[in-house]
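Take a look at the structure below.
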Amino acid sequence: AADVWDLRTIAKRRTPKPAFDYEDGGAGRERTLARNRAAIDDVELLPPVLHGTAEVDLSVTIAGGHCALPFGIGPTGFTRFMHAEGEEAGAVAAQ
């Protein structure tokens, strides 16, 4: 996937229609949805390439503690609605 829209296309193909429509749509006139999509369109990622990457340090301090790799899985809703393995798959990935 090259961008968010490629991810959306993949999700649409792999996700049951009711689940995809729920996640993809917005309420009412979908004004907030349109604003969110416009905000995403305004984001430009410029990766720092070819300079000073010999020693990469991804560590951060989170709530006063050192974390070597800042990655986590937070609670979500409707996981089983989106995928048959639902919460179990999330727990396996977290492990």
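In the structure tokens, chains take the letters A, B, ... in the order shown, each chain's residues start at 1, and ligands count up from 1 in the order shown.
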
List the neighbours of Arg80 of chain A out to 12 Å using only C-alpha atoms; skip same-chain residues closer than 3 positions along the sequence, and give me the result as a PyMOL selection string.
chain A and resi 15-16+19+76-77+83-90

Output of the above residues as a CSV table (one decimal), in the first residue's frame, restricted to C-alpha atoms:
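Below you can see again_22.csv, which holds the result:
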chain,number,residue,atom,x,y,z
A,15,THR,CA,-13.9,-6.7,5.2
A,16,PRO,CA,-17.5,-7.8,5.2
A,19,ALA,CA,-18.4,-3.7,8.8
A,76,THR,CA,-10.8,-1.1,20.6
A,77,GLY,CA,-14.4,-1.9,19.8
A,83,HIS,CA,-12.3,-9.8,11.6
A,84,ALA,CA,-13.3,-13.4,12.6
A,85,GLU,CA,-10.4,-13.7,15.1
A,86,GLY,CA,-11.2,-10.4,16.7
A,87,GLU,CA,-9.8,-9.9,20.2
A,88,GLU,CA,-7.9,-13.2,20.2
A,89,ALA,CA,-5.8,-12.0,17.2
A,90,GLY,CA,-5.0,-8.7,19.0

Using backbone DSSP assignments, extract all helix (DSSP H, G or I) residues from chain A; output them as a PyMOL selection string.
chain A and resi 4-14+17-24+31-41+79-82+86-94

Quick one: DSSP strand (DSSP E or B) residues in segment 9-93 of chain A, as a list in words?
Val60, Thr61, Ile62, Gly65, His66 and Cys67 of chain A

What does the distance between atom CA of Leu46 of chain A and atom CA of Ala11 of chain A come to in Å, to one decimal place?
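Calculated distance between atom CA of Leu46 of chain A and atom CA of Ala11 of chain A is 25.4 Å.
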
For atom CA of Leu58 of chain A and atom CA of Gly72 of chain A, quote the distance in Å rounded to one decimal.
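Going from atom CA of Leu58 of chain A over to atom CA of Gly72 of chain A covers 13.7 Å.
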
I want to know what sits within 10 Å of Glu23 of chain A, based on only C-alpha atoms, with residues of the same chain fewer than 5 positions away left out; could you give that as an MDAnalysis selection string?
chainID A and resid 17:18 78 82

Those same residues, written as a PDB file, in the first residue's frame with N, CA and C atoms?
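File written: selection_16.pdb
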ATOM      1  N   LYS A  17     -19.059  -6.315   4.058  1.00  0.00           N
ATOM      2  CA  LYS A  17     -19.670  -5.039   3.654  1.00  0.00           C
ATOM      3  C   LYS A  17     -20.269  -4.250   4.822  1.00  0.00           C
ATOM      4  N   PRO A  18     -21.071  -4.879   5.700  1.00  0.00           N
ATOM      5  CA  PRO A  18     -21.632  -4.078   6.800  1.00  0.00           C
ATOM      6  C   PRO A  18     -20.557  -3.467   7.700  1.00  0.00           C
ATOM      7  N   PHE A  78     -15.593  -3.450  18.442  1.00  0.00           N
ATOM      8  CA  PHE A  78     -16.012  -4.090  17.196  1.00  0.00           C
ATOM      9  C   PHE A  78     -14.920  -4.916  16.518  1.00  0.00           C
ATOM     10  N   MET A  82     -15.014  -6.756  12.683  1.00  0.00           N
ATOM     11  CA  MET A  82     -14.119  -6.477  11.564  1.00  0.00           C
ATOM     12  C   MET A  82     -13.356  -7.699  11.086  1.00  0.00           C
TER      13      MET A  82
END

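For the residues A:Val4, A:Arg29, A:Phe71, A:Val92, ranking by smallest atom-to-atom distance to Glu44 of chain A using only C-alpha atoms places A:Val4 first.
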
I'd like the interatomic distance between atom CA of Ala2 of chain A and atom CA of Gly25 of chain A, to a tenth of an Å.
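Distance reported for this atom pair: 22.1 Å.
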
Exercise: Pro70 of chain A partners within 12 Å, only C-alpha atoms, chain neighbours under 5 positions left out, as a VMD selection string
chain A and resid 57 to 63 65
